[in-house]
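Engineer: data_32.tsv is reproduced in full below (TSV, C-alpha atoms).
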```tsv
chain	number	residue	atom	x	y	z
A	1	MET	CA	121.72	-92.37	136.80
A	2	GLY	CA	118.28	-93.60	137.54
A	3	ASN	CA	118.98	-97.33	137.11
A	4	GLY	CA	118.44	-98.10	140.76
A	5	PHE	CA	114.78	-99.05	140.47
A	6	THR	CA	112.55	-101.41	138.55
A	7	CYS	CA	108.81	-101.38	137.98
A	8	MET	CA	107.61	-104.33	140.03
A	9	PRO	CA	103.91	-105.21	140.38
A	10	GLY	CA	102.31	-104.54	143.74
A	11	LYS	CA	99.95	-106.70	145.72
A	12	ASP	CA	96.89	-104.61	144.93
A	13	PRO	CA	96.83	-103.08	141.46
A	14	ARG	CA	93.48	-101.44	142.19
A	15	ARG	CA	94.98	-99.02	144.67
A	16	GLY	CA	94.76	-95.33	143.84
A	17	THR	CA	97.65	-92.99	144.19
A	18	SER	CA	100.60	-93.92	146.36
A	19	GLY	CA	100.97	-90.41	147.69
A	20	GLY	CA	99.40	-87.07	146.94
A	21	GLY	CA	96.86	-86.97	144.15
A	22	PHE	CA	93.27	-87.53	143.19
A	23	GLY	CA	91.92	-90.99	142.51
A	24	SER	CA	88.17	-90.64	143.00
A	25	ARG	CA	85.39	-88.11	142.61
A	26	SER	CA	84.84	-87.83	146.36
A	27	LYS	CA	88.47	-87.05	147.17
A	28	ARG	CA	89.53	-85.18	144.09
A	29	VAL	CA	89.10	-81.60	145.22
A	30	SER	CA	88.80	-82.02	148.96
A	31	GLY	CA	92.24	-83.65	149.04
A	32	SER	CA	93.99	-80.37	148.33
A	33	GLY	CA	95.30	-80.18	151.88
A	34	LEU	CA	94.20	-76.75	153.11
A	35	GLY	CA	95.92	-77.35	156.43
A	36	SER	CA	99.30	-77.67	154.72
A	37	TRP	CA	98.99	-74.20	153.19
A	38	ARG	CA	99.12	-72.56	156.61
A	39	LYS	CA	102.33	-74.45	157.30
A	40	ARG	CA	103.91	-72.95	154.19
A	41	GLY	CA	103.31	-69.44	155.50
A	42	MET	CA	100.35	-68.50	153.30
A	43	SER	CA	98.70	-65.25	154.36
A	44	GLU	CA	95.14	-65.26	155.65
A	45	GLU	CA	94.07	-63.35	152.54
A	46	ASP	CA	95.64	-65.91	150.19
A	47	GLU	CA	94.22	-68.81	152.20
A	48	MET	CA	90.74	-67.31	151.98
A	49	LEU	CA	91.16	-66.86	148.22
A	50	HIS	CA	92.36	-70.45	147.96
A	51	ARG	CA	89.30	-71.70	149.84
A	52	GLN	CA	87.05	-69.66	147.58
A	53	ALA	CA	88.76	-71.05	144.47
A	54	LEU	CA	88.35	-74.61	145.71
A	55	ALA	CA	84.68	-73.96	146.38
A	56	ILE	CA	84.36	-72.74	142.81
A	57	ALA	CA	86.11	-75.89	141.60
A	58	ARG	CA	83.63	-78.07	143.47
A	59	GLN	CA	80.73	-76.13	141.98
A	60	GLN	CA	82.14	-76.49	138.48
A	61	LEU	CA	82.50	-80.22	138.95
A	62	SER	CA	78.80	-80.53	139.74
A	63	GLN	CA	77.74	-78.42	136.77
A	64	ARG	CA	78.99	-81.05	134.30
A	65	PHE	CA	80.10	-78.14	132.12
A	66	GLU	CA	76.61	-77.36	130.80
A	67	GLY	CA	74.88	-74.00	130.35
A	68	SER	CA	77.08	-71.02	131.12
A	69	MET	CA	80.22	-73.17	131.20
A	70	SER	CA	79.56	-74.36	127.67
A	71	ARG	CA	79.05	-70.80	126.49
A	72	ARG	CA	82.26	-69.63	128.10
A	73	VAL	CA	84.54	-72.26	126.54
A	74	ASP	CA	83.44	-71.98	122.94
A	75	GLY	CA	84.64	-72.40	119.42
A	76	SER	CA	87.66	-74.69	119.91
A	77	MET	CA	88.70	-77.02	117.13
A	78	SER	CA	91.09	-79.92	117.26
A	79	ARG	CA	92.30	-82.24	114.57
A	80	ARG	CA	94.45	-85.26	114.47
A	81	ILE	CA	97.55	-84.93	112.32
A	82	GLY	CA	100.23	-87.27	111.16
A	83	ALA	CA	99.13	-90.66	112.44
A	84	GLY	CA	102.18	-92.83	112.41
A	85	GLY	CA	104.41	-89.77	112.49
A	86	ASN	CA	104.48	-89.27	108.73
A	87	GLY	CA	103.24	-85.68	108.85
A	88	ALA	CA	100.21	-86.25	106.63
A	89	VAL	CA	96.97	-84.56	107.60
A	90	SER	CA	94.23	-86.98	108.60
A	91	SER	CA	91.06	-86.84	106.52
A	92	ARG	CA	89.00	-86.81	109.73
A	93	ARG	CA	88.85	-83.20	110.87
A	94	ARG	CA	88.11	-82.59	114.54
A	95	ASP	CA	86.22	-79.33	114.12
A	96	LEU	CA	83.31	-79.65	116.55
A	97	PRO	CA	82.74	-76.72	118.95
A	98	ASP	CA	84.37	-77.10	122.33
A	99	SER	CA	80.94	-77.30	123.98
A	100	VAL	CA	79.76	-80.32	121.95
A	101	LYS	CA	79.90	-83.56	123.90
A	102	GLN	CA	82.02	-86.49	122.74
A	103	PRO	CA	79.95	-89.45	121.47
A	104	PRO	CA	79.95	-92.42	123.86
A	105	ILE	CA	82.93	-94.73	123.55
A	106	VAL	CA	82.89	-98.53	123.65
A	107	LEU	CA	84.78	-99.30	126.83
A	108	GLU	CA	85.16	-102.99	126.00
A	109	ASN	CA	87.32	-102.10	123.00
A	110	LEU	CA	89.87	-100.12	124.99
A	111	GLU	CA	93.32	-101.48	125.71
A	112	THR	CA	93.11	-99.81	129.13
A	113	LYS	CA	90.65	-97.56	130.92
A	114	LYS	CA	93.28	-96.17	133.27
A	115	ILE	CA	94.69	-92.73	132.51
A	116	VAL	CA	97.39	-91.24	134.73
A	117	LEU	CA	97.60	-87.44	134.69
A	118	ILE	CA	100.95	-85.79	135.43
A	119	HIS	CA	101.06	-82.06	136.08
A	120	GLY	CA	103.67	-79.59	134.90
A	121	GLU	CA	106.01	-77.29	136.80
A	122	GLY	CA	104.47	-75.58	139.80
A	123	PHE	CA	101.12	-77.36	139.48
A	124	GLY	CA	99.70	-80.35	141.30
A	125	ALA	CA	97.03	-82.99	140.89
A	126	TRP	CA	94.46	-80.26	141.59
A	127	CYS	CA	94.90	-78.72	138.12
A	128	TRP	CA	93.22	-81.74	136.45
A	129	TYR	CA	89.86	-81.42	138.23
A	130	LYS	CA	87.88	-80.68	135.02
A	131	THR	CA	89.63	-83.43	133.05
A	132	MET	CA	89.11	-85.93	135.87
A	133	SER	CA	85.38	-85.26	135.90
A	134	MET	CA	84.97	-85.59	132.14
A	135	LEU	CA	87.03	-88.78	131.85
A	136	GLU	CA	85.07	-90.37	134.68
A	137	GLU	CA	81.80	-89.45	132.99
A	138	ALA	CA	83.04	-91.28	129.88
A	139	GLY	CA	83.63	-94.42	131.95
A	140	LEU	CA	87.40	-94.20	132.22
A	141	GLU	CA	89.50	-94.45	135.38
A	142	PRO	CA	91.68	-91.33	135.68
A	143	VAL	CA	94.23	-90.82	138.42
A	144	ALA	CA	96.02	-87.52	139.01
A	145	LEU	CA	99.30	-87.60	140.91
A	146	ASP	CA	101.33	-85.02	142.80
A	147	LEU	CA	104.99	-85.20	141.85
A	148	THR	CA	107.51	-84.94	144.68
A	149	GLY	CA	107.37	-81.50	146.27
A	150	SER	CA	104.18	-80.61	144.41
A	151	GLY	CA	100.52	-80.22	145.34
A	152	ILE	CA	100.03	-81.59	148.86
A	153	ASP	CA	103.39	-83.40	148.93
A	154	ASN	CA	105.32	-81.45	151.56
A	155	THR	CA	108.81	-82.38	150.39
A	156	ASP	CA	111.12	-79.34	150.33
A	157	VAL	CA	111.75	-78.58	146.63
A	158	ASN	CA	115.31	-77.55	147.47
A	159	SER	CA	116.04	-81.13	148.55
A	160	ILE	CA	115.00	-82.72	145.22
A	161	THR	CA	118.18	-83.36	143.26
A	162	THR	CA	117.29	-85.89	140.54
A	163	LEU	CA	114.57	-86.52	137.98
A	164	GLU	CA	114.07	-89.98	139.46
A	165	GLU	CA	113.31	-88.48	142.86
A	166	TYR	CA	110.95	-85.93	141.32
A	167	SER	CA	109.15	-88.76	139.45
A	168	LYS	CA	108.92	-91.07	142.47
A	169	PRO	CA	105.11	-90.85	142.91
A	170	LEU	CA	104.64	-91.99	139.30
A	171	ILE	CA	107.20	-94.77	139.78
A	172	ASN	CA	105.39	-95.89	142.94
A	173	TYR	CA	102.02	-95.88	141.21
A	174	LEU	CA	103.24	-97.98	138.27
A	175	SER	CA	104.69	-100.48	140.73
A	176	THR	CA	101.17	-101.18	142.01
A	177	LEU	CA	99.98	-102.39	138.61
A	178	GLY	CA	99.55	-106.07	137.78
A	179	ASP	CA	101.99	-107.94	135.57
A	180	ASP	CA	100.03	-107.41	132.36
A	181	GLU	CA	98.39	-104.11	133.30
A	182	LYS	CA	99.15	-100.94	131.37
A	183	VAL	CA	98.06	-97.32	131.62
A	184	ILE	CA	97.91	-94.24	129.43
A	185	VAL	CA	100.09	-91.47	130.87
A	186	VAL	CA	99.34	-87.83	130.05
A	187	ALA	CA	102.01	-85.28	131.02
A	188	HIS	CA	101.81	-81.51	130.88
A	189	SER	CA	104.70	-79.07	130.32
A	190	CYS	CA	107.83	-80.10	132.31
A	191	GLY	CA	105.96	-83.20	133.43
A	192	GLY	CA	106.97	-84.49	130.01
A	193	ALA	CA	110.46	-85.04	131.41
A	194	CYS	CA	109.05	-87.42	134.03
A	195	LEU	CA	107.08	-89.22	131.33
A	196	SER	CA	110.17	-89.64	129.13
A	197	PHE	CA	112.11	-90.93	132.13
A	198	ILE	CA	109.40	-93.49	132.93
A	199	MET	CA	109.12	-94.56	129.29
A	200	GLU	CA	112.80	-95.46	129.40
A	201	HIS	CA	112.63	-97.33	132.71
A	202	CYS	CA	109.10	-98.83	132.68
A	203	PRO	CA	108.08	-99.12	129.01
A	204	GLY	CA	106.06	-102.27	129.64
A	205	LYS	CA	103.67	-100.41	131.91
A	206	ILE	CA	102.70	-97.67	129.46
A	207	SER	CA	100.12	-98.24	126.75
A	208	LYS	CA	100.40	-94.74	125.29
A	209	ALA	CA	102.37	-91.64	126.24
A	210	VAL	CA	100.64	-88.30	125.69
A	211	PHE	CA	102.66	-85.08	125.80
A	212	LEU	CA	100.42	-82.05	126.41
A	213	ALA	CA	102.31	-78.88	125.45
A	214	ALA	CA	105.17	-80.74	127.07
A	215	THR	CA	108.94	-81.06	127.03
A	216	MET	CA	109.33	-84.06	124.74
A	217	VAL	CA	113.11	-84.26	124.88
A	218	LYS	CA	115.57	-86.19	122.75
A	219	ASP	CA	118.30	-88.51	124.01
A	220	GLY	CA	120.92	-86.56	125.95
A	221	GLN	CA	118.81	-83.41	126.18
A	222	LYS	CA	117.86	-81.46	129.30
A	223	PRO	CA	114.16	-80.62	129.78
A	224	PHE	CA	115.06	-76.97	130.26
A	225	ASP	CA	116.74	-76.97	126.84
A	226	VAL	CA	113.24	-76.89	125.37
A	227	PHE	CA	112.47	-73.62	127.12
A	228	THR	CA	115.75	-71.99	126.11
A	229	GLN	CA	114.34	-71.96	122.58
A	230	GLU	CA	111.66	-69.62	123.94
A	231	LEU	CA	113.90	-66.67	124.77
A	232	ALA	CA	111.33	-64.55	126.59
A	233	SER	CA	110.29	-67.43	128.84
A	234	ALA	CA	113.88	-68.42	129.58
A	235	ASP	CA	114.83	-64.83	130.44
A	236	ILE	CA	111.89	-64.50	132.81
A	237	LEU	CA	112.52	-67.82	134.50
A	238	LEU	CA	116.27	-67.67	135.02
A	239	GLN	CA	117.73	-64.22	134.42
A	240	GLU	CA	115.56	-62.64	137.11
A	241	SER	CA	117.38	-63.53	140.31
A	242	GLN	CA	114.37	-62.83	142.53
A	243	PHE	CA	112.69	-65.95	141.11
A	244	LEU	CA	115.52	-68.28	142.11
A	245	LEU	CA	115.79	-70.21	145.39
A	246	TYR	CA	119.14	-70.96	146.98
A	247	GLY	CA	118.48	-73.81	149.39
A	248	ASN	CA	122.20	-74.47	149.87
A	249	GLY	CA	123.25	-70.85	150.21
A	250	LYS	CA	123.81	-67.94	147.85
A	251	ASP	CA	127.34	-69.15	147.09
A	252	LYS	CA	125.94	-72.41	145.67
A	253	PRO	CA	123.92	-73.02	142.47
A	254	PRO	CA	120.17	-72.28	142.71
A	255	THR	CA	118.01	-75.20	143.80
A	256	GLY	CA	114.51	-74.00	142.99
A	257	LEU	CA	112.38	-71.60	141.04
A	258	LYS	CA	109.37	-69.66	142.24
A	259	PHE	CA	106.67	-67.98	140.18
A	260	ASP	CA	105.62	-64.36	139.97
A	261	LYS	CA	101.82	-64.11	140.10
A	262	GLN	CA	101.53	-61.45	137.41
A	263	GLN	CA	103.94	-63.05	134.97
A	264	ILE	CA	102.41	-66.51	135.19
A	265	LYS	CA	99.07	-65.00	134.19
A	266	ALA	CA	100.59	-63.78	130.92
A	267	LEU	CA	102.66	-66.89	130.27
A	268	TYR	CA	100.37	-69.71	131.38
A	269	PHE	CA	96.83	-68.36	131.56
A	270	ASN	CA	96.24	-65.96	128.65
A	271	GLN	CA	93.01	-67.82	127.74
A	272	THR	CA	92.11	-69.26	131.15
A	273	PRO	CA	88.90	-68.27	133.03
A	274	THR	CA	89.48	-65.88	135.93
A	275	LYS	CA	88.25	-68.37	138.54
A	276	ASP	CA	90.84	-70.94	137.49
A	277	ILE	CA	93.57	-68.29	137.51
A	278	ALA	CA	92.61	-67.54	141.13
A	279	LEU	CA	92.88	-71.22	141.98
A	280	ALA	CA	96.29	-71.54	140.31
A	281	THR	CA	97.67	-68.32	141.73
A	282	VAL	CA	97.32	-69.50	145.31
A	283	SER	CA	98.03	-73.17	144.62
A	284	MET	CA	101.17	-73.18	142.45
A	285	ARG	CA	104.38	-73.97	144.31
A	286	PRO	CA	108.07	-73.44	143.57
A	287	ILE	CA	109.72	-76.11	141.46
A	288	PRO	CA	113.04	-77.94	141.88
A	289	LEU	CA	115.63	-76.94	139.31
A	290	ALA	CA	117.84	-80.06	139.32
A	291	PRO	CA	115.32	-82.39	137.60
A	292	ILE	CA	114.78	-80.07	134.63
A	293	MET	CA	118.53	-79.46	134.31
A	294	GLU	CA	119.31	-83.18	134.14
A	295	LYS	CA	120.28	-84.82	130.85
A	296	ILE	CA	117.95	-87.70	130.03
A	297	SER	CA	119.20	-90.92	128.47
A	298	LEU	CA	116.66	-92.46	126.05
A	299	THR	CA	117.04	-95.59	123.93
A	300	PRO	CA	115.08	-96.99	120.97
A	301	GLU	CA	114.88	-100.37	122.73
A	302	LYS	CA	112.92	-98.95	125.69
A	303	TYR	CA	111.67	-95.38	125.23
A	304	GLY	CA	111.22	-96.02	121.51
A	305	THR	CA	108.81	-98.91	122.01
A	306	VAL	CA	106.07	-96.76	123.59
A	307	ARG	CA	103.57	-95.04	121.29
A	308	ARG	CA	103.81	-91.28	121.69
A	309	PHE	CA	101.17	-88.63	120.99
A	310	TYR	CA	101.61	-84.88	121.15
A	311	ILE	CA	98.88	-82.30	121.82
A	312	GLN	CA	99.83	-78.83	120.64
A	313	THR	CA	98.35	-75.64	122.13
A	314	LEU	CA	98.27	-72.99	119.43
A	315	GLU	CA	97.80	-69.87	121.59
A	316	ASP	CA	100.50	-70.88	124.06
A	317	MET	CA	102.65	-68.03	125.42
A	318	MET	CA	104.87	-70.25	127.57
A	319	LEU	CA	105.84	-72.86	124.96
A	320	SER	CA	105.03	-71.33	121.62
A	321	ALA	CA	103.38	-73.15	118.73
A	322	ASP	CA	106.65	-72.81	116.78
A	323	VAL	CA	108.67	-74.52	119.51
A	324	GLN	CA	106.07	-77.28	119.85
A	325	GLU	CA	106.14	-77.77	116.10
A	326	LYS	CA	109.92	-78.08	116.25
A	327	LEU	CA	109.64	-80.74	118.96
A	328	VAL	CA	107.34	-82.97	116.91
A	329	ARG	CA	109.36	-82.39	113.75
A	330	GLU	CA	112.62	-83.46	115.38
A	331	SER	CA	111.09	-86.45	117.18
A	332	PRO	CA	107.92	-87.45	115.28
A	333	PRO	CA	105.26	-89.05	117.49
A	334	HIS	CA	102.64	-91.56	116.41
A	335	GLY	CA	100.00	-88.85	116.27
A	336	ILE	CA	99.69	-85.09	116.63
A	337	PHE	CA	96.62	-83.18	117.80
A	338	LYS	CA	96.04	-79.44	117.98
A	339	ILE	CA	93.89	-77.31	120.27
A	340	LYS	CA	92.93	-73.94	118.87
A	341	GLY	CA	92.06	-71.16	121.27
A	342	GLY	CA	93.76	-72.71	124.27
A	343	ASP	CA	96.72	-71.43	126.28
A	344	HIS	CA	99.50	-73.42	127.95
A	345	CYS	CA	96.90	-74.93	130.30
A	346	PRO	CA	94.06	-76.36	128.18
A	347	PHE	CA	92.76	-78.33	131.18
A	348	PHE	CA	91.56	-74.88	132.30
A	349	SER	CA	91.05	-72.97	129.04
A	350	LYS	CA	89.73	-75.70	126.68
A	351	PRO	CA	88.68	-78.67	128.81
A	352	GLN	CA	86.15	-80.11	126.35
A	353	ALA	CA	88.59	-79.99	123.44
A	354	LEU	CA	91.25	-81.69	125.55
A	355	ASN	CA	88.80	-84.33	126.72
A	356	LYS	CA	87.73	-85.19	123.15
A	357	ILE	CA	91.36	-85.67	122.14
A	358	LEU	CA	92.15	-87.86	125.14
A	359	LEU	CA	89.12	-90.04	124.44
A	360	GLU	CA	90.18	-90.42	120.82
A	361	ILE	CA	93.71	-91.39	121.81
A	362	ALA	CA	92.33	-93.92	124.29
A	363	GLN	CA	90.47	-95.63	121.44
A	364	ILE	CA	93.47	-95.89	119.10
A	365	HIS	CA	94.74	-99.45	118.69
```
Mind converting the file's structure to structure tokens?
Structural biologist:
Amino acid sequence: MGNGFTCMPGKDPRRGTSGGGFGSRSKRVSGSGLGSWRKRGMSEEDEMLHRQALAIARQQLSQRFEGSMSRRVDGSMSRRIGAGGNGAVSSRRRDLPDSVKQPPIVLENLETKKIVLIHGEGFGAWCWYKTMSMLEEAGLEPVALDLTGSGIDNTDVNSITTLEEYSKPLINYLSTLGDDEKVIVVAHSCGGACLSFIMEHCPGKISKAVFLAATMVKDGQKPFDVFTQELASADILLQESQFLLYGNGKDKPPTGLKFDKQQIKALYFNQTPTKDIALATVSMRPIPLAPIMEKISLTPEKYGTVRRFYIQTLEDMMLSADVQEKLVRESPPHGIFKIKGGDHCPFFSKPQALNKILLEIAQIH
């Protein structure tokens, strides 16, 4: 499946997102669509908490992560490993504290300044607000997209039946690019399935593919197969019937998956600041099951032509360091980076460390 579209250039490659998402500093947080939350049946208490969390997000954006923010996210180290996928440790250790700023980069030397950020399961473009700010400060042009049924996209998750449909906002965005224009795509968690899908169908539009604690599948593999290697996570996600949605009736296979607030704190946010947990708790939405249960077809002639990079999160409780290591061992990327002290969501728990890695990847030729 999935052969019914091609990546055609649009008339205006400078357009931002072609749907939900953040494409500029002024719209990044305010575009979270508070009005749509009431439509989804959010309680007044949860809506108030959501508004408070968004206000906190705006305040954090203006702080530029100095002072108390720098003290709170401390001591992270990252290092680049195995350039070219050969498994050798690079001689250049990335061991600066998380609070130390990245040296300025030479923008003229970059293959592209555009970085597209793809969220993982349950999240939306809103989760990248720290990363967006830092990349913009470095002179890059980040865009965060809402996948179908995510963030402020009001599509019913029970109606999403294919990975292509789930990835449609990314497909639409790539179609706006010029003939020779490429972007770096960064995908988190199950968003890695969308990235793999796009690498197969639009390889000419992607300069580099970055998998952030993500499902980097092999040919013929289902994205959810990655999580079945993590028995505790798989049990929590699928064996507990109260987390499943049956959009077509109880006598039919489940169509979606919802999140328990307490369990996602332990799985996703074991190192995340409390304020960001509050934001995520009221912002995360159910996810469609069909896209992550779909087998993905990948070929060396298309998928294999795009340079891949993997960022491992070493204190990850959702996708353990062992499982991530297995992913890169079975399908070696061009380069491997590691974030120490970060959970499954380093855009919350270790934003500076993540930013330094993304800037380094952007400068690789």
Engineer: Kindly indicate which residue among A:Pro351, A:Pro104, A:Gly191, A:Pro346 lies nearest to Met216 in chain A, using all atoms listed in the file for the distances.
Structural biologist: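 Of all the options, A:Gly191 lies closest to Met216 in chain A.
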Engineer: Record the distance separating CA of His188 in chain A and CA of Cys345 in chain A, expressed in Å with one decimal.
Structural biologist: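 Computing it gives 8.2 Å between the two atoms.
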Engineer: Could you name the residues that touch Thr272 in chain A at 10 Å or less, counting all atoms listed in the file, but leaving out those on the same chain fewer than 4 positions away, as a list in words?
Structural biologist: Val73, Lys265, Tyr268, Asp276, Ile277, Gly342, Asp343, His344, Cys345, Pro346, Phe347, Phe348, Ser349 and Lys350 of chain A
Engineer: Return the single residue from A:Leu267, A:Met199, A:Ala213, A:Ile364 that is closest to Val185 in chain A, with distances computed using all atoms listed in the file.
Structural biologist: A:Met199
Engineer: Kindly indicate which residue among A:Pro169, A:Pro142, A:Gly335, A:Gly192 lies nearest to Glu121 in chain A, using all atoms listed in the file for the distances.
Structural biologist: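 Looking only at the distances to Glu121 in chain A, the closest residue turns out to be A:Gly192.
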Engineer: Kindly give the distance, in Å, that separates CA of Thr228 in chain A and CA of Tyr246 in chain A, rounded to a single decimal.
Structural biologist: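 We find that CA of Thr228 in chain A and CA of Tyr246 in chain A lie 21.2 Å from each other.
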Engineer: With range 105-120 of chain A as the partner and 12 Å as the cut-off, tabulate the residues of range 216-308 of chain A that qualify, each row holding the nearest pair of atoms and their distance in Å to one decimal, using all atoms listed in the file, sorted by chain and rising number, as JSON lines.
Structural biologist:
```
{"residue": "A:Pro223", "atom": "CA", "partner": "A:Gly120", "partner_atom": "CA", "distance": 11.7}
{"residue": "A:Tyr268", "atom": "CA", "partner": "A:Gly120", "partner_atom": "CA", "distance": 11.0}
{"residue": "A:Met284", "atom": "CA", "partner": "A:Gly120", "partner_atom": "CA", "distance": 10.2}
{"residue": "A:Arg285", "atom": "CA", "partner": "A:Gly120", "partner_atom": "CA", "distance": 11.0}
{"residue": "A:Pro286", "atom": "CA", "partner": "A:Gly120", "partner_atom": "CA", "distance": 11.5}
{"residue": "A:Ile287", "atom": "CA", "partner": "A:Gly120", "partner_atom": "CA", "distance": 9.6}
{"residue": "A:Pro288", "atom": "CA", "partner": "A:Gly120", "partner_atom": "CA", "distance": 11.8}
{"residue": "A:Ile292", "atom": "CA", "partner": "A:Gly120", "partner_atom": "CA", "distance": 11.1}
```
